[in-house]
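Below is one structure, written out as structure tokens; the observations come after it.
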Amino acid sequence: MNEEPKSIWKKSWTGWSWLRAWLILVVATFFIVLIVTLLIPGGLRNFSDWWPALVFMLVVSVVAAVSVGLLAFIRWVCCWRNFKRFLFGVACLATLIALFYAEEDWRGWHAWNKFKHDWEAKGEHFDFASMVPPPVPDDQNFALTPIAFTSYGSVLTRDGKRIPYEQRDTNFVERIKMEIAHYDNWPTNGTGNWQKSTVCDLSVWQNYYRALAAKTNEFSVPSQPQSPAADVLFALSKYDSVIEELREASRLPGSRFPLNYDSESPSAILLPHLAALKKCSQTLQLRSLAELQNGQPEKALADVKLALQLTDKIHTEPFWISHLVRIAMMNLMLQPVWEGLAEHQWSEEQLVALDVELAKLDFLADYKLSMRSELGCQGSEMDRLRRHPEQMQDLGGMSDGEGGVMNQLLPGKFAARLIPTGWFYQNQFRCARMMVDYYLPLADENQSTFPPALARRGDAAVMAEIKTASPFNVLERLMLPGLGNGVKRFAYAQSSVDLARTAIALERYRLAHGDYPESLDALAPQFIAKLPHDIINGQPLHYRRTDNGQFVLYSVGWNETDDGGEVGFKKDGSVDISTGDWVWRYPQKN
């Protein structure tokens with residue numbers, strides 16, 4: 001009668017019944033709370049008063065369910081037959097996982113390497129190292145001069161290494177970073193805009209500097225007001241020595257800023273000199289405009305030439321952003337060129353000198369360089385992420401900043417290590433395919449054109465591919481959507497240079513013959529070596545003389561439609577280069 005007690009592992013299992021009972025109790029309690037809260041008079045009226053208790057019951061329920069499930073699994077696996085089944089299942093699962101990784105890794109590697117091999121056979125390059133500019137001897141390098149060093153020396157060493165934040169010299173003087181206003185808060189209504197045919201109003205700047213002088217000593221003004229141009233030149237005279245030192249340094253034939261081109265991540269290379277050079281252009285623009293209005297075109301020419309030469313000092317840099325900054329610098333200096341032409345202030349010799357400087361600008365070639373650099377940057381980024389997948393979150397920061405959408409979509413550090421390497425190859429392949437199919441051919445070197453239709457097809461193809469998020473289009477979602485707009489800016493920049501050079505040739509013709517020609521054909525080769533064509537379609541630029549003795553010169557613009565020389569505008573009044581024509585015209589004479 002004294003039977004041995006059975007092992008607890010062999011007793012009948014009642015855990016599921018208890019679990020069922022517990023869950024029924026939780027559900028019943030929920031409905032009771034709901035009834036008490038909402039239906040019984042005098043009961044608690046706020047359901048939130050009950051949530052701590054309900055959350056507690058939910059947590060206990062989950063813990064109970066997990067515990068019961070774990071005990072059930074342990075009881076099941078303690079049987080030798082079941083244990084063998086378990087081991088077999090684990091082996092099958094491990095095999096499937098290994099096959100999945102092997103297949104995905106090979107598929108991605110094969111797609112990328114086949115694509116790369118085919119295009120390298122056509123002369124294309126996909127490595128960033130091939131885009132790095134050649135070294136420049138130190139004694140010929142503008143970027144290593146003392147004045148140029150002040151554009152980056154606060155954050156970079158002379159060999160391009162980043163200076164740790166705690167080791168930076170807080171007293172470092174960025175002499176080259178010439179500000180034209182107090183904390184960049186300048187009067188935008190006085191700068192003028194050649195695209196809108198508006199002249200710079202120096203009286204606005206005169207009033208600004210005189211009002212500022214009553215508060216700070218940042219800019220000096222004469223005791224008694226002079227002409228607006230004289231007052232502006234007086235305020236900017238604080239930079240005279242810096243500009244002369246910069247002018248002397250710019251005569252060096254080469255320029256290669258000491259950037260860390262060996263960085264594992266090209267997108268992390270610091271480019272502090274770009275902001276400083278753009279500041280220089282803003283100062284030289286305002287100074288040259290004041291010199292023109294002060295009757296000093298020779299000095300204005302020297303400042304315009306200096307600014308254009310500074311633009312040339314970064315033209316070999318293989319970075320998309322470097323060339324966008326160059327475009328901004330060039331556009332700033334077209335304002336004094338335009339105003340001098342509108343007022344017939346440039347002499348024949350000065351016009352020839354301006355044309356020589358503008359002829360050096362080739363934004364079609366710059367577009368090719370920067371686009372191929374983008375290919376190399378993407379390849380280097382993917383190589384880095386294949387080696388360090390935990391850095392995927394850093395890639396998200398390249399696009400939309402901390403907390404942005406891409407940061408939310410990208411995996412955490414642990415999950416990133418589980419990504420098959422083939423997925424990185426797939427990202428690289430799909431991104432490079434889009435660029436060589438749509439964006440690289442945009443700058444047609446044979447026809448010297450930027451066809452907008454191909455850019456629109458590229459944008460549409462990118463948007464179609466990234467419409468649905470997948471592991472294969474992360475790089476596309478981060479890097480490609482902004483390229484179409486960048487292409488437009490390169491095209492507009494080259495068109496602006498072509499319009500300016502043609503306008504210079506027209507002014508040279510007027511000086512020689514007393515009036516503008518009936519057609520542009522009369523300009524070449526005497527006043528311009530080769531007449532530029534419309535960068536959009538390869539057709540002749542549109543030109544017509546006006547009744548007031550002036551002319552209208554224009555390209556059909558990004559919409560590829562002849563709008564009769566009308567500029568497109570946005571709702572805020574700024575120029576919209578996506579609509580209307582790209583126009584060069586002068587203000588109406590009173």
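If you're wondering about the labels, chains in the structure tokens are A, B, ... by order shown, residues count from 1 in each chain, ligands from 1 in order shown.
By chain and then residue number, the residues within 10 Å of A:Arg489 are Leu324, Ile327, Ala328, Phe363, Tyr367, Leu483, Gly484, Asn485, Gly486, Tyr492, Ala493, Gln494, Ser495, Trp558, Ile577 and Ser578 of chain A, counting only C-alpha atoms and disregarding those fewer than 3 positions away in sequence.
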Find the spatial neighbours of stretch 524-541 of chain A, counting only C-alpha atoms, within a cut-off of 8 Å - ignore same-chain residues fewer than 5 positions away - and output them as an mmCIF file with N, CA and C atoms, in the first residue's frame.
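Now in result_19.cif:
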```
data_model
loop_
_atom_site.group_PDB
_atom_site.id
_atom_site.type_symbol
_atom_site.label_atom_id
_atom_site.label_comp_id
_atom_site.auth_asym_id
_atom_site.auth_seq_id
_atom_site.Cartn_x
_atom_site.Cartn_y
_atom_site.Cartn_z
ATOM 1 N N GLN A 447 27.857 66.604 -76.314
ATOM 2 C CA GLN A 447 26.942 67.679 -76.705
ATOM 3 C C GLN A 447 27.026 68.888 -75.779
ATOM 4 N N SER A 448 27.722 68.759 -74.649
ATOM 5 C CA SER A 448 27.818 69.827 -73.637
ATOM 6 C C SER A 448 26.429 70.280 -73.198
ATOM 7 N N THR A 449 25.624 69.331 -72.782
ATOM 8 C CA THR A 449 24.263 69.636 -72.346
ATOM 9 C C THR A 449 23.932 68.908 -71.053
ATOM 10 N N PHE A 450 22.887 69.403 -70.381
ATOM 11 C CA PHE A 450 22.292 68.754 -69.223
ATOM 12 C C PHE A 450 20.822 68.476 -69.578
ATOM 13 N N PRO A 451 20.480 67.290 -70.056
ATOM 14 C CA PRO A 451 19.085 67.028 -70.436
ATOM 15 C C PRO A 451 18.179 66.806 -69.223
ATOM 16 N N PRO A 452 17.251 67.725 -68.944
ATOM 17 C CA PRO A 452 16.382 67.582 -67.768
ATOM 18 C C PRO A 452 15.500 66.344 -67.815
ATOM 19 N N ALA A 491 23.496 72.571 -63.778
ATOM 20 C CA ALA A 491 23.075 73.049 -65.093
ATOM 21 C C ALA A 491 22.852 74.554 -65.075
ATOM 22 N N GLN A 494 26.233 76.454 -64.998
ATOM 23 C CA GLN A 494 26.908 76.536 -66.291
ATOM 24 C C GLN A 494 26.163 77.478 -67.228
ATOM 25 N N SER A 495 24.845 77.452 -67.183
ATOM 26 C CA SER A 495 24.064 78.372 -68.003
ATOM 27 C C SER A 495 24.340 79.819 -67.606
ATOM 28 N N ASP A 498 27.615 80.879 -69.050
ATOM 29 C CA ASP A 498 27.482 81.083 -70.496
ATOM 30 C C ASP A 498 26.747 82.380 -70.811
ATOM 31 N N ARG A 501 29.195 85.310 -70.085
ATOM 32 C CA ARG A 501 30.234 85.441 -71.120
ATOM 33 C C ARG A 501 29.648 86.010 -72.415
ATOM 34 N N THR A 502 28.438 85.584 -72.755
ATOM 35 C CA THR A 502 27.786 86.121 -73.953
ATOM 36 C C THR A 502 27.459 87.600 -73.762
ATOM 37 N N ALA A 505 30.548 89.598 -74.273
ATOM 38 C CA ALA A 505 30.820 89.738 -75.705
ATOM 39 C C ALA A 505 29.895 90.781 -76.332
ATOM 40 N N LEU A 506 28.627 90.823 -75.901
ATOM 41 C CA LEU A 506 27.687 91.829 -76.410
ATOM 42 C C LEU A 506 28.135 93.238 -76.030
ATOM 43 N N ARG A 508 31.247 94.174 -75.450
ATOM 44 C CA ARG A 508 32.434 94.467 -76.254
ATOM 45 C C ARG A 508 32.012 94.904 -77.667
ATOM 46 N N TYR A 509 31.009 94.251 -78.204
ATOM 47 C CA TYR A 509 30.480 94.635 -79.528
ATOM 48 C C TYR A 509 29.910 96.053 -79.460
ATOM 49 N N LEU A 553 18.549 88.108 -73.038
ATOM 50 C CA LEU A 553 19.320 86.916 -73.393
ATOM 51 C C LEU A 553 18.903 85.805 -72.441
ATOM 52 N N TYR A 554 18.547 84.644 -72.977
ATOM 53 C CA TYR A 554 18.069 83.608 -72.059
ATOM 54 C C TYR A 554 18.188 82.193 -72.622
ATOM 55 N N SER A 555 18.176 81.248 -71.673
ATOM 56 C CA SER A 555 18.066 79.816 -71.945
ATOM 57 C C SER A 555 16.628 79.402 -71.650
ATOM 58 N N VAL A 556 16.176 78.323 -72.270
ATOM 59 C CA VAL A 556 14.797 77.875 -72.046
ATOM 60 C C VAL A 556 14.608 77.321 -70.643
ATOM 61 N N GLY A 557 15.691 77.032 -69.918
ATOM 62 C CA GLY A 557 15.574 76.615 -68.526
ATOM 63 C C GLY A 557 15.172 75.168 -68.345
ATOM 64 N N TRP A 558 14.987 74.810 -67.075
ATOM 65 C CA TRP A 558 14.786 73.402 -66.703
ATOM 66 C C TRP A 558 13.471 72.832 -67.216
ATOM 67 N N GLU A 560 12.389 73.294 -70.139
ATOM 68 C CA GLU A 560 12.611 73.066 -71.571
ATOM 69 C C GLU A 560 11.574 73.766 -72.451
#
```
Would you mind telling me which residue in A:Arg85, A:Asp138, A:Pro272, A:Phe234 lies nearest to A:Gly153 when using only C-alpha atoms? A:Pro272
So, with only C-alpha atoms as the atoms that count, which of A:Thr316, A:Asn207, A:Gln378, A:Thr311 lies closest to A:Ser267?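 The shortest atom-to-atom distance to A:Ser267 comes from A:Gln378.
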Option closest in space to A:Leu369, from A:Gly549, A:Gly340, A:Pro318, A:Pro187 [counting only C-alpha atoms]: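 Distance minimum relative to A:Leu369 lands on A:Pro318.
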With DSSP run on the backbone, what are the alpha helix (DSSP H) residues within stretch 162-378 of chain A? I'd like them as JSON, numbers by chain. {"A": [202, 203, 204, 205, 206, 207, 208, 209, 210, 211, 212, 213, 228, 229, 230, 231, 232, 233, 234, 235, 236, 240, 241, 242, 243, 244, 245, 246, 247, 248, 249, 273, 274, 275, 276, 277, 278, 279, 280, 281, 282, 283, 284, 285, 286, 287, 288, 289, 290, 291, 292, 293, 297, 298, 299, 300, 301, 302, 303, 304, 305, 306, 307, 308, 309, 310, 311, 312, 320, 321, 322, 323, 324, 325, 326, 327, 328, 329, 330, 331, 332, 333, 334, 335, 336, 337, 338, 339, 340, 341, 342, 348, 349, 350, 351, 352, 353, 354, 355, 356, 357, 358, 359, 363, 364, 365, 366, 367, 368, 369, 370, 371, 372, 373, 374, 375, 376, 377, 378]}
